[in-house]
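Source file: protein-v2.txt. Holds: compact mmCIF, C-alpha atoms.
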```txt
# COMPACT_ATOMS: atom_id res chain seq x y z
CA MET A 1 81.56 133.47 105.29
CA ASN A 2 79.86 131.43 108.01
CA LEU A 3 79.33 127.87 106.75
CA ALA A 4 78.02 126.53 110.05
CA PRO A 5 74.32 126.91 109.07
CA PHE A 6 74.90 124.70 106.02
CA LYS A 7 76.71 122.07 108.08
CA HIS A 8 73.82 121.98 110.55
CA VAL A 9 71.26 121.54 107.77
CA LEU A 10 73.24 118.78 106.06
CA ALA A 11 73.56 117.00 109.41
CA LEU A 12 69.78 116.70 109.73
CA PRO A 13 68.45 113.16 109.10
CA GLY A 14 67.68 112.52 105.45
CA VAL A 15 68.78 115.91 104.10
CA ARG A 16 72.12 114.94 102.56
CA PRO A 17 70.82 111.89 100.61
CA LEU A 18 67.74 113.86 99.51
CA MET A 19 69.86 116.67 98.07
CA LEU A 20 72.11 114.22 96.23
CA LEU A 21 69.10 112.38 94.84
CA MET A 22 67.39 115.59 93.71
CA LEU A 23 70.58 116.83 92.06
CA PHE A 24 70.62 113.66 89.97
CA ALA A 25 66.86 113.83 89.32
CA ARG A 26 66.99 117.43 88.10
CA ILE A 27 69.78 116.97 85.57
CA PRO A 28 67.76 115.16 82.83
CA PRO A 29 65.00 117.82 82.59
CA THR A 30 67.63 120.58 82.29
CA ALA A 31 69.14 118.74 79.31
CA ALA A 32 65.80 118.50 77.51
CA GLY A 33 65.58 121.97 75.98
CA VAL A 34 68.91 122.09 74.18
CA THR A 35 68.66 118.42 73.16
CA VAL A 36 65.23 118.83 71.57
CA THR A 37 66.46 121.96 69.79
CA LEU A 38 69.41 120.09 68.32
CA HIS A 39 67.15 117.18 67.32
CA VAL A 40 64.66 119.39 65.49
CA VAL A 41 67.35 121.49 63.77
CA THR A 42 69.91 118.83 62.83
CA THR A 43 68.03 115.52 62.67
CA LEU A 44 64.59 116.66 61.53
CA ASP A 45 66.10 119.57 59.55
CA LYS A 46 63.32 121.99 60.48
CA GLY A 47 65.21 125.10 61.56
CA TYR A 48 65.35 127.15 64.75
CA ALA A 49 61.86 128.62 64.44
CA ALA A 50 60.38 125.12 64.42
CA ALA A 51 62.60 124.13 67.34
CA GLY A 52 61.47 127.21 69.25
CA THR A 53 57.85 126.26 68.65
CA VAL A 54 58.42 122.84 70.22
CA GLY A 55 60.17 124.51 73.15
CA PHE A 56 57.28 126.94 73.58
CA ALA A 57 54.72 124.11 73.48
CA THR A 58 56.72 122.25 76.11
CA MET A 59 56.90 125.31 78.37
CA VAL A 60 53.16 125.92 78.10
CA GLY A 61 52.48 122.29 78.95
CA ILE A 62 54.79 122.38 81.96
CA GLY A 63 53.41 125.73 83.09
CA LEU A 64 49.84 124.42 83.02
CA GLY A 65 50.68 120.98 84.37
CA SER A 66 52.93 121.93 87.28
CA PRO A 67 50.09 123.05 89.61
CA LEU A 68 48.04 120.01 88.60
CA MET A 69 50.92 117.71 89.50
CA GLY A 70 51.38 119.58 92.79
CA LYS A 71 47.71 119.17 93.63
CA LEU A 72 47.95 115.47 92.79
CA ILE A 73 50.85 115.15 95.23
CA ASP A 74 48.77 116.85 97.94
CA SER A 75 45.74 114.64 97.40
CA LYS A 76 47.18 111.25 96.34
CA GLY A 77 50.78 111.31 97.52
CA LEU A 78 54.18 111.27 95.87
CA ARG A 79 54.19 107.67 94.69
CA VAL A 80 50.96 108.00 92.69
CA THR A 81 52.37 111.10 90.99
CA LEU A 82 55.64 109.35 90.21
CA THR A 83 53.81 106.64 88.26
CA LEU A 84 53.20 109.30 85.60
CA SER A 85 56.93 109.13 84.90
CA LEU A 86 56.12 106.03 82.85
CA LEU A 87 54.31 108.26 80.36
CA GLU A 88 57.19 110.73 80.44
CA GLY A 89 59.73 107.98 79.87
CA VAL A 90 57.76 106.55 76.94
CA PHE A 91 57.67 110.00 75.33
CA TRP A 92 61.43 110.52 75.49
CA VAL A 93 62.34 106.98 74.44
CA THR A 94 60.03 107.12 71.41
CA ALA A 95 60.71 110.78 70.52
CA PRO A 96 63.45 109.85 67.98
CA LEU A 97 60.79 107.93 66.00
CA MET A 98 58.37 110.89 65.75
CA ASP A 99 58.02 113.28 62.87
CA TYR A 100 57.98 116.99 63.65
CA TYR A 101 54.25 117.52 64.07
CA VAL A 102 53.75 114.46 66.29
CA LEU A 103 56.69 115.65 68.39
CA LEU A 104 55.14 119.12 68.66
CA VAL A 105 51.79 117.84 69.94
CA LEU A 106 53.22 115.23 72.29
CA ALA A 107 55.80 117.66 73.69
CA PHE A 108 52.91 119.78 74.97
CA ALA A 109 51.12 116.69 76.34
CA ASN A 110 54.32 115.47 77.99
CA GLY A 111 54.73 118.86 79.65
CA LEU A 112 51.30 118.50 81.22
CA VAL A 113 52.23 115.25 82.99
CA ALA A 114 55.95 115.89 83.57
CA VAL A 115 56.99 115.01 87.11
CA PRO A 116 57.85 118.36 88.80
CA MET A 117 61.33 117.51 90.08
CA MET A 118 62.12 121.08 91.11
CA SER A 119 59.09 121.49 93.36
CA ILE A 120 59.24 117.92 94.73
CA GLY A 121 62.75 118.59 96.01
CA ARG A 122 61.67 121.82 97.70
CA GLN A 123 58.59 120.24 99.24
CA ALA A 124 60.58 117.31 100.63
CA LEU A 125 63.22 119.69 101.97
CA THR A 126 60.50 121.67 103.75
CA ALA A 127 59.34 118.46 105.41
CA LEU A 128 62.82 117.53 106.65
CA VAL A 129 64.06 120.94 107.82
CA PRO A 130 62.59 123.00 110.71
CA GLU A 131 61.42 126.47 109.72
CA ALA A 132 64.30 128.19 111.54
CA GLN A 133 66.84 126.40 109.32
CA ARG A 134 65.10 126.62 105.97
CA ARG A 135 67.02 129.64 104.69
CA PRO A 136 70.35 127.78 104.35
CA ALA A 137 68.44 124.70 103.18
CA PHE A 138 66.73 126.54 100.33
CA SER A 139 70.00 128.30 99.51
CA LEU A 140 71.64 124.91 99.09
CA ASP A 141 68.70 123.85 96.97
CA SER A 142 69.15 126.89 94.70
CA ILE A 143 72.85 126.07 94.37
CA SER A 144 71.90 122.49 93.47
CA VAL A 145 69.64 123.81 90.71
CA GLU A 146 72.54 125.90 89.36
CA LEU A 147 74.74 122.79 89.31
CA SER A 148 72.08 120.81 87.44
CA PHE A 149 71.89 123.55 84.79
CA MET A 150 75.68 123.48 84.47
CA VAL A 151 75.75 119.70 83.94
CA GLY A 152 72.48 118.89 82.14
CA PRO A 153 72.67 120.96 78.92
CA ALA A 154 76.39 120.20 78.51
CA ALA A 155 75.71 116.46 78.87
CA GLY A 156 72.85 116.65 76.38
CA VAL A 157 75.02 118.42 73.81
CA LEU A 158 77.88 115.98 74.37
CA ILE A 159 75.74 112.88 73.77
CA ALA A 160 73.91 114.48 70.83
CA THR A 161 77.12 115.50 69.07
CA ARG A 162 79.22 112.46 69.98
CA PHE A 163 76.52 109.88 69.15
CA SER A 164 73.16 111.23 67.93
CA THR A 165 70.28 113.39 69.04
CA GLY A 166 68.12 110.26 69.21
CA ALA A 167 70.55 108.68 71.66
CA ALA A 168 70.46 111.85 73.75
CA LEU A 169 66.63 111.84 73.85
CA VAL A 170 66.55 108.18 74.90
CA THR A 171 69.17 108.85 77.58
CA ILE A 172 67.00 111.63 79.02
CA GLY A 173 64.03 109.26 79.20
CA VAL A 174 65.99 106.47 80.86
CA ALA A 175 67.53 108.90 83.36
CA ILE A 176 64.11 110.33 84.27
CA LEU A 177 62.72 106.83 84.81
CA ALA A 178 65.72 105.90 86.97
CA ALA A 179 65.39 109.05 89.08
CA CYS A 180 61.65 108.51 89.56
CA ALA A 181 62.22 104.88 90.53
CA LEU A 182 64.72 105.97 93.19
CA LEU A 183 62.30 108.62 94.48
CA PHE A 184 59.52 106.02 94.53
CA ALA A 185 61.70 103.71 96.63
CA VAL A 186 62.85 106.43 99.04
CA ASN A 187 59.40 108.10 99.24
CA PRO A 188 60.59 111.11 101.28
CA PRO A 189 58.08 112.81 103.61
CA LEU A 190 56.40 115.91 102.19
CA VAL A 191 54.96 117.42 105.40
CA HIS A 192 57.02 118.36 108.46
CA GLU A 193 56.21 116.39 111.61
CA ASP A 194 55.22 119.60 113.43
CA GLU A 195 52.65 120.55 110.79
CA VAL A 196 49.04 119.47 110.47
CA ALA A 197 47.95 118.30 107.02
CA GLU A 198 44.86 116.24 107.85
CA GLY A 199 41.35 116.96 106.68
CA PRO A 200 40.31 118.84 103.54
CA PRO A 201 42.72 121.55 102.38
CA PRO A 202 41.56 125.17 102.75
CA GLN A 203 39.93 126.84 99.79
CA LEU A 204 42.31 128.42 97.28
CA ARG A 205 40.92 131.90 97.90
CA GLU A 206 41.72 131.57 101.61
CA TRP A 207 45.49 131.41 101.15
CA LEU A 208 46.23 132.54 97.58
CA ARG A 209 46.15 136.18 98.58
CA GLY A 210 48.40 139.24 98.27
CA PRO A 211 51.53 138.05 100.13
CA MET A 212 51.41 134.59 98.54
CA ILE A 213 50.88 136.06 95.07
CA ALA A 214 53.82 138.38 95.77
CA ALA A 215 55.96 135.36 96.66
CA LEU A 216 54.92 133.73 93.37
CA ILE A 217 55.61 136.90 91.40
CA ILE A 218 59.25 136.85 92.54
CA PRO A 219 60.26 133.76 90.50
CA PHE A 220 58.26 135.06 87.52
CA GLY A 221 60.16 138.35 87.57
CA ALA A 222 63.49 136.64 88.25
CA THR A 223 63.28 134.18 85.36
CA MET A 224 61.91 136.88 83.05
CA ALA A 225 64.98 139.01 83.81
CA LEU A 226 67.28 135.98 83.54
CA SER A 227 65.92 134.75 80.22
CA GLY A 228 66.15 138.29 78.84
CA MET A 229 69.74 138.42 80.04
CA GLU A 230 70.54 135.10 78.34
CA ILE A 231 69.04 136.17 75.00
CA SER A 232 70.88 139.49 75.15
CA SER A 233 74.16 137.78 76.08
CA ILE A 234 73.87 135.32 73.21
CA ALA A 235 73.11 138.15 70.78
CA SER A 236 75.98 140.26 72.14
CA LEU A 237 78.62 137.61 71.51
CA GLU A 238 77.06 136.37 68.28
CA HIS A 239 77.09 139.87 66.77
CA ALA A 240 80.78 140.11 67.72
CA GLY A 241 81.56 136.69 66.26
CA LYS A 242 82.53 135.35 69.69
CA GLN A 243 79.72 132.86 70.27
CA SER A 244 82.24 130.13 71.08
CA TRP A 245 82.73 131.86 74.45
CA LEU A 246 79.09 131.46 75.47
CA GLY A 247 79.84 128.36 77.53
CA LEU A 248 82.30 130.32 79.65
CA ILE A 249 79.79 133.14 80.13
CA PHE A 250 77.14 130.72 81.40
CA VAL A 251 79.61 129.03 83.76
CA VAL A 252 80.51 132.44 85.21
CA MET A 253 76.83 133.26 85.68
CA CYS A 254 76.08 129.97 87.43
CA ALA A 255 79.17 130.27 89.64
CA ALA A 256 78.22 133.82 90.68
CA SER A 257 74.70 132.67 91.52
CA ALA A 258 75.98 129.73 93.56
CA LEU A 259 78.33 132.01 95.51
CA GLY A 260 75.45 134.38 96.18
CA GLY A 261 73.42 131.47 97.50
CA LEU A 262 76.18 130.56 99.94
CA VAL A 263 76.40 134.12 101.23
CA TYR A 264 72.61 134.44 101.54
CA GLY A 265 72.21 131.16 103.39
CA SER A 266 74.88 132.12 105.93
CA LEU A 267 73.15 135.37 106.97
CA LYS A 268 70.75 135.75 109.89
CA ARG A 269 69.04 138.88 108.56
CA VAL A 270 68.36 139.24 104.85
CA PRO A 271 66.40 141.55 102.52
CA SER A 272 62.95 140.41 101.41
CA GLY A 273 62.49 138.54 98.16
CA ILE A 274 60.91 141.61 96.56
CA VAL A 275 63.96 143.74 97.44
CA LEU A 276 66.28 141.05 96.07
CA LEU A 277 64.28 140.89 92.83
CA ALA A 278 64.48 144.68 92.50
CA CYS A 279 68.27 144.55 93.05
CA MET A 280 68.61 141.77 90.52
CA ALA A 281 66.66 143.73 87.89
CA LEU A 282 68.49 146.97 88.66
CA LEU A 283 71.88 145.28 88.28
CA GLU A 284 70.87 144.00 84.84
CA LEU A 285 70.50 147.50 83.41
CA PRO A 286 74.25 148.23 82.98
CA ALA A 287 75.15 144.73 81.75
CA GLY A 288 75.02 145.96 78.16
CA LEU A 289 78.21 147.96 78.79
CA GLY A 290 80.06 144.69 78.17
CA ASP A 291 78.50 144.29 74.71
CA GLY A 292 80.80 142.35 72.40
CA ASP A 293 83.66 142.01 74.92
CA VAL A 294 83.86 138.57 76.54
CA ALA A 295 85.73 139.54 79.70
CA LEU A 296 83.79 142.77 80.27
CA LEU A 297 80.44 141.07 79.65
CA ALA A 298 81.29 138.27 82.11
CA LEU A 299 82.23 140.84 84.77
CA ALA A 300 79.11 142.91 84.08
CA LEU A 301 76.87 139.87 84.58
CA VAL A 302 78.39 138.79 87.91
CA PRO A 303 76.53 141.26 90.19
CA MET A 304 73.09 140.40 88.80
CA ASN A 305 73.69 136.66 88.96
CA PHE A 306 75.13 136.96 92.46
CA VAL A 307 71.61 137.94 93.57
CA CYS A 308 69.87 135.20 91.53
CA ALA A 309 70.04 132.19 93.89
CA PRO A 310 69.18 134.35 96.94
CA THR A 311 66.11 135.68 95.13
CA ILE A 312 64.85 132.18 94.33
CA ALA A 313 65.63 130.92 97.83
CA ALA A 314 63.76 133.86 99.36
CA SER A 315 60.70 133.07 97.25
CA THR A 316 60.71 129.40 98.29
CA GLU A 317 61.20 130.32 101.95
CA GLN A 318 58.23 132.69 101.81
CA ILE A 319 56.00 130.15 100.05
CA SER A 320 56.88 127.47 102.61
CA LYS A 321 55.74 129.83 105.38
CA LEU A 322 52.52 131.02 103.75
CA ALA A 323 51.20 127.86 102.08
CA PRO A 324 49.03 125.52 104.16
CA ALA A 325 50.83 122.21 104.68
CA SER A 326 47.94 120.37 103.00
CA ALA A 327 48.26 122.53 99.86
CA ARG A 328 52.03 123.04 99.67
CA GLY A 329 52.39 120.85 96.60
CA LEU A 330 49.94 123.08 94.75
CA ALA A 331 51.70 126.22 95.99
CA LEU A 332 55.12 124.98 94.84
CA GLY A 333 53.53 123.84 91.59
CA LEU A 334 52.35 127.40 91.05
CA GLN A 335 55.90 128.52 91.74
CA GLY A 336 57.03 126.13 89.00
CA SER A 337 54.52 127.72 86.64
CA ALA A 338 55.87 131.15 87.57
CA PHE A 339 59.39 130.02 86.64
CA THR A 340 58.18 128.63 83.31
CA PHE A 341 56.02 131.56 82.26
CA GLY A 342 58.73 134.01 83.33
CA VAL A 343 61.11 132.41 80.86
CA ALA A 344 58.39 132.42 78.19
CA ALA A 345 57.81 136.16 78.73
CA GLY A 346 61.43 137.26 79.03
CA GLN A 347 62.82 135.70 75.87
CA PRO A 348 60.56 137.42 73.31
CA LEU A 349 60.59 140.68 75.29
CA ALA A 350 64.36 140.94 75.17
CA GLY A 351 64.44 139.48 71.66
CA VAL A 352 62.30 142.29 70.25
CA ALA A 353 64.52 144.88 71.95
CA VAL A 354 67.68 143.22 70.59
CA ASP A 355 66.26 143.09 67.05
CA HIS A 356 65.22 146.75 67.27
CA SER A 357 68.29 148.39 68.82
CA GLY A 358 70.88 145.76 69.72
CA PRO A 359 71.85 143.67 72.77
CA PRO A 360 72.39 146.57 75.25
CA LEU A 361 68.71 147.51 74.95
CA GLY A 362 67.76 143.87 75.57
CA PHE A 363 69.43 144.02 78.99
CA VAL A 364 67.74 147.34 79.77
CA VAL A 365 64.25 146.21 78.75
CA ALA A 366 64.50 142.93 80.70
CA GLY A 367 65.81 144.80 83.75
CA LEU A 368 63.05 147.42 83.62
CA ALA A 369 60.42 144.68 83.28
CA GLY A 370 61.87 143.02 86.38
CA LEU A 371 61.62 146.32 88.28
CA VAL A 372 57.96 146.66 87.29
CA ILE A 373 57.24 143.13 88.54
CA ALA A 374 59.08 143.88 91.79
CA GLY A 375 56.94 146.99 92.27
CA LEU A 376 53.76 144.99 91.73
CA GLY A 377 54.99 142.39 94.19
CA TRP A 378 55.67 145.08 96.80
CA VAL A 379 52.09 146.34 96.50
CA LEU A 380 50.68 142.82 96.87
CA SER A 381 52.93 142.04 99.82
CA ARG A 382 51.29 144.87 101.77
CA GLN A 383 48.00 142.94 101.84
CA ARG A 384 46.98 140.63 104.66
CA GLN A 385 47.54 136.87 104.54
CA ALA A 386 44.66 135.00 106.09
CA VAL A 387 45.93 131.42 106.45
CA SER A 388 49.22 130.30 107.99
CA ALA A 389 51.43 127.53 106.69
CA THR A 390 50.50 125.24 109.55
CA SER A 391 46.76 125.39 108.90
```
Just give me the structure of the file as structure tokens.
Amino acid sequence: MNLAPFKHVLALPGVRPLMLLMLFARIPPTAAGVTVTLHVVTTLDKGYAAAGTVGFATMVGIGLGSPLMGKLIDSKGLRVTLTLSLLEGVFWVTAPLMDYYVLLVLAFANGLVAVPMMSIGRQALTALVPEAQRRPAFSLDSISVELSFMVGPAAGVLIATRFSTGAALVTIGVAILAACALLFAVNPPLVHEDEVAEGPPPQLREWLRGPMIAALIIPFGATMALSGMEISSIASLEHAGKQSWLGLIFVVMCAASALGGLVYGSLKRVPSGIVLLACMALLELPAGLGDGDVALLALALVPMNFVCAPTIAASTEQISKLAPASARGLALGLQGSAFTFGVAAGQPLAGVAVDHSGPPLGFVVAGLAGLVIAGLGWVLSRQRQAVSATS
């Protein structure tokens, strides 16, 4: 594996500290889902259905708010957007004092104004890295996201079980405020020096066309397939009474994805994001062969997850090329919405299949849905893109 492209990217001014900062900033949001679930189930004693409703309300809020936050970054700048972290911090610090229904409503409202850490990191990376070197840069970014998902939920569970769910919620709020304060102080550039971002941004209909929509469909299809895979994996081991091995399964999945990101970022010629999504979905179909067997299931999930980080990196690379510099925050915000709504679609889709015919069908249904999305993306990618990223 050729690691030289990664070394060159990390040697660029500002890239290494940005990636370290964004890794820290992305950990608290990844801990939120499992921590809120534990709080609703154990502290508020409301059950998993109620916890799922809060999670769904949060996802809808984030999905709707992500493009709005991206547009705010484009028009008012990063620092103005980061001031909204005060509202986010207040929500998390006071969440232990809320009853269930107040928490439900404010979780949706908090999602609307949540600072989009994922897309901010990608936008800042685009500004620091020349286009020719963005593939390894976005691959590193995808690996960083995998690391944050390995650390965040585990840290949330540890604090919630060792101390209390209230302490875990407060810790998330304090960590988000600290990360936003650091970002506010650093204030990384969001537009590359070779790009023009002055004047009014182009109309949405001028650049949100077939190829851009195809690039946004990729993360939707990827997270739909991934969330379906996660639900099916949980059901597979739970039905076999081996749910204690779930942590190992998720570590294997994240490690396979990170390795795939390293391989992808080291290549000069790569498949398109649509092809990678199709491969990812296709490789999910046989994962059910490992149903109930920990070792076999882990091995069956490696190929699909190996393609995961490359698929996400390919989507980000394509969006960075197609989005006008003056509207890149909005474009990456839409990508964030695609991630969120993909998860929201994949979980119930696979869940219904699992309830009807067992975990193997959950893998098959999620994989087939991913293939359908990839086909739709291929059709859209054939259309003409009118506005370049440097407009």
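Every residue within 9 Å of the file position (78.1, 140.2, 85.4), judged by all atoms listed in the file, is given as A:Ile249, A:Val252, A:Met253, A:Ala256, A:Leu283, A:Glu284, A:Ala287, A:Gly290, A:Leu296, A:Leu297, A:Ala298, A:Leu299, A:Ala300, A:Leu301, A:Val302, A:Pro303, A:Met304, A:Asn305, A:Phe306.
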Could you take the residues named above and write them with C-alpha atoms, as a PDB file, in the frame of the given file?
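Output below, filename out-v7.pdb:
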```pdb
ATOM      1  CA  ILE A 249      79.790 133.140  80.130  1.00  0.00           C
ATOM      2  CA  VAL A 252      80.510 132.440  85.210  1.00  0.00           C
ATOM      3  CA  MET A 253      76.830 133.260  85.680  1.00  0.00           C
ATOM      4  CA  ALA A 256      78.220 133.820  90.680  1.00  0.00           C
ATOM      5  CA  LEU A 283      71.880 145.280  88.280  1.00  0.00           C
ATOM      6  CA  GLU A 284      70.870 144.000  84.840  1.00  0.00           C
ATOM      7  CA  ALA A 287      75.150 144.730  81.750  1.00  0.00           C
ATOM      8  CA  GLY A 290      80.060 144.690  78.170  1.00  0.00           C
ATOM      9  CA  LEU A 296      83.790 142.770  80.270  1.00  0.00           C
ATOM     10  CA  LEU A 297      80.440 141.070  79.650  1.00  0.00           C
ATOM     11  CA  ALA A 298      81.290 138.270  82.110  1.00  0.00           C
ATOM     12  CA  LEU A 299      82.230 140.840  84.770  1.00  0.00           C
ATOM     13  CA  ALA A 300      79.110 142.910  84.080  1.00  0.00           C
ATOM     14  CA  LEU A 301      76.870 139.870  84.580  1.00  0.00           C
ATOM     15  CA  VAL A 302      78.390 138.790  87.910  1.00  0.00           C
ATOM     16  CA  PRO A 303      76.530 141.260  90.190  1.00  0.00           C
ATOM     17  CA  MET A 304      73.090 140.400  88.800  1.00  0.00           C
ATOM     18  CA  ASN A 305      73.690 136.660  88.960  1.00  0.00           C
ATOM     19  CA  PHE A 306      75.130 136.960  92.460  1.00  0.00           C
TER      20      PHE A 306
END
```
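The shortest atom-to-atom distance to Trp92 (chain A), with all atoms listed in the file taken into account, belongs to A:Ala167 out of A:Ala124, A:Ala295, A:Ala57, A:Ala167.
As for CA of Ser257 (chain A) and CA of Glu146 (chain A), they are spaced 7.4 Å apart.
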Which is closer to Pro67 (chain A) than all the others in A:Leu112, A:Ala369, A:Leu380, A:Val174, using all atoms listed in the file? A:Leu112
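Among the candidate residues A:Pro324, A:Gly336, A:Gly61, A:Gly121, the one lying nearest to Pro219 (chain A) is A:Gly336, with distances computed using only C-alpha atoms.
In terms of minimum interatomic distance to Glu238 (chain A), A:Pro359 ranks closest within A:Gly173, A:Gly156, A:Pro136, A:Pro359, counting only C-alpha atoms.
Of the residues listed (A:Thr316, A:Thr83, A:Thr340, A:Ser233), A:Thr316 shows the shortest atom-to-atom separation from Ala137 (chain A); distances use all atoms listed in the file.
The closest residue to Ser326 (chain A), picked from A:Ala32, A:Ala4, A:Leu190, A:Met118 and counting all atoms listed in the file, is A:Leu190.
Taking CA of Val115 (chain A) and CA of Ile172 (chain A) as the two end points, the separation is 13.3 Å.
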List the neighbours of Arg79 (chain A) out to 9 Å using only C-alpha atoms; skip same-chain residues closer than 2 positions along the sequence, and give me the result as a PyMOL selection string. chain A and resi 73+76-77+81-83+183-185+187
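When CA of Pro130 (chain A) is paired with CA of Lys268 (chain A), their separation reads 15.2 Å.
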Around (69.6, 107.7, 87.0) in the file's frame, which residues reach within 12 Å when counting all atoms listed in the file? Return as JSON, numbers by chain? {"A": [20, 21, 22, 23, 24, 25, 26, 27, 28, 29, 171, 172, 173, 174, 175, 176, 177, 178, 179, 180, 181, 182, 183]}
Contacts of region 175-276 of chain A with region 148-155 of chain A up to 10 Å, shortest pair per row, all atoms listed in the file, as JSON lines:
```
{"residue": "A:Gly247", "atom": "CA", "partner": "A:Ala154", "partner_atom": "CA", "distance": 8.9}
{"residue": "A:Phe250", "atom": "CA", "partner": "A:Met150", "partner_atom": "CA", "distance": 8.0}
{"residue": "A:Val251", "atom": "CA", "partner": "A:Met150", "partner_atom": "CA", "distance": 6.8}
{"residue": "A:Met253", "atom": "CA", "partner": "A:Met150", "partner_atom": "CA", "distance": 9.9}
{"residue": "A:Cys254", "atom": "CA", "partner": "A:Met150", "partner_atom": "CA", "distance": 7.1}
{"residue": "A:Ala255", "atom": "CA", "partner": "A:Met150", "partner_atom": "CA", "distance": 9.2}
```
Mind checking which residues fall within 6 Å of Ala215 (chain A), counting only C-alpha atoms, ignoring those fewer than 3 positions away in the same chain, and posting them as an MDAnalysis selection string? chainID A and resid 212 218 315
Around all the atoms of region 179-191 of chain A listed in the file, with 6 Å of room on each side, what axis-aligned box do you get, giving centre and edge lengths in Å to one decimal, as AutoDock Vina command-line options?
```
--center_x 60.2 --center_y 110.6 --center_z 97.2 --size_x 22.4 --size_y 25.7 --size_z 28.3
```
I'd like the contact shell of Ala278 (chain A) - 12 Å cut-off, all atoms listed in the file, skipping same-chain residues fewer than 2 positions apart - returned as JSON, numbers by chain. {"A": [217, 218, 219, 221, 222, 225, 271, 272, 273, 274, 275, 276, 280, 281, 282, 283, 284, 285, 304, 307, 308, 311, 366, 367, 368, 369, 370, 371, 372, 373, 374, 375, 376, 377, 378]}
Please, can region 11-16 of chain A be completed to all heavy atoms and returned as a PDB file, in the coordinates of the input?
```pdb
ATOM      1  N   ALA A  11      73.487 118.012 108.355  1.00  0.00           N
ATOM      2  CA  ALA A  11      73.560 117.000 109.410  1.00  0.00           C
ATOM      3  C   ALA A  11      72.197 116.479 109.819  1.00  0.00           C
ATOM      4  O   ALA A  11      72.103 115.449 110.512  1.00  0.00           O
ATOM      5  CB  ALA A  11      74.278 117.576 110.637  1.00  0.00           C
ATOM      6  N   LEU A  12      71.125 117.161 109.397  1.00  0.00           N
ATOM      7  CA  LEU A  12      69.780 116.700 109.730  1.00  0.00           C
ATOM      8  C   LEU A  12      69.489 115.368 109.043  1.00  0.00           C
ATOM      9  O   LEU A  12      69.917 115.139 107.906  1.00  0.00           O
ATOM     10  CB  LEU A  12      68.739 117.741 109.309  1.00  0.00           C
ATOM     11  CG  LEU A  12      68.761 119.074 110.065  1.00  0.00           C
ATOM     12  CD1 LEU A  12      67.810 120.071 109.400  1.00  0.00           C
ATOM     13  CD2 LEU A  12      68.360 118.867 111.522  1.00  0.00           C
ATOM     14  N   PRO A  13      68.743 114.467 109.695  1.00  0.00           N
ATOM     15  CA  PRO A  13      68.450 113.160 109.100  1.00  0.00           C
ATOM     16  C   PRO A  13      67.750 113.281 107.743  1.00  0.00           C
ATOM     17  O   PRO A  13      66.751 113.987 107.609  1.00  0.00           O
ATOM     18  CB  PRO A  13      67.518 112.510 110.141  1.00  0.00           C
ATOM     19  CG  PRO A  13      67.830 113.204 111.422  1.00  0.00           C
ATOM     20  CD  PRO A  13      68.182 114.614 111.058  1.00  0.00           C
ATOM     21  N   GLY A  14      68.306 112.605 106.758  1.00  0.00           N
ATOM     22  CA  GLY A  14      67.680 112.520 105.450  1.00  0.00           C
ATOM     23  C   GLY A  14      67.987 113.649 104.498  1.00  0.00           C
ATOM     24  O   GLY A  14      67.705 113.537 103.296  1.00  0.00           O
ATOM     25  N   VAL A  15      68.574 114.752 104.966  1.00  0.00           N
ATOM     26  CA  VAL A  15      68.780 115.910 104.100  1.00  0.00           C
ATOM     27  C   VAL A  15      69.857 115.661 103.056  1.00  0.00           C
ATOM     28  O   VAL A  15      69.668 115.924 101.862  1.00  0.00           O
ATOM     29  CB  VAL A  15      69.104 117.175 104.922  1.00  0.00           C
ATOM     30  CG1 VAL A  15      69.550 118.320 104.010  1.00  0.00           C
ATOM     31  CG2 VAL A  15      67.894 117.599 105.736  1.00  0.00           C
ATOM     32  N   ARG A  16      71.010 115.150 103.494  1.00  0.00           N
ATOM     33  CA  ARG A  16      72.120 114.940 102.560  1.00  0.00           C
ATOM     34  C   ARG A  16      71.743 113.981 101.422  1.00  0.00           C
ATOM     35  O   ARG A  16      71.935 114.311 100.245  1.00  0.00           O
ATOM     36  CB  ARG A  16      73.353 114.452 103.313  1.00  0.00           C
ATOM     37  CG  ARG A  16      74.643 114.534 102.521  1.00  0.00           C
ATOM     38  CD  ARG A  16      75.777 113.845 103.286  1.00  0.00           C
ATOM     39  NE  ARG A  16      75.996 114.485 104.566  1.00  0.00           N
ATOM     40  CZ  ARG A  16      76.893 115.434 104.783  1.00  0.00           C
ATOM     41  NH1 ARG A  16      77.640 115.863 103.777  1.00  0.00           N
ATOM     42  NH2 ARG A  16      77.046 115.942 105.996  1.00  0.00           N
TER      43      ARG A  16
END
```
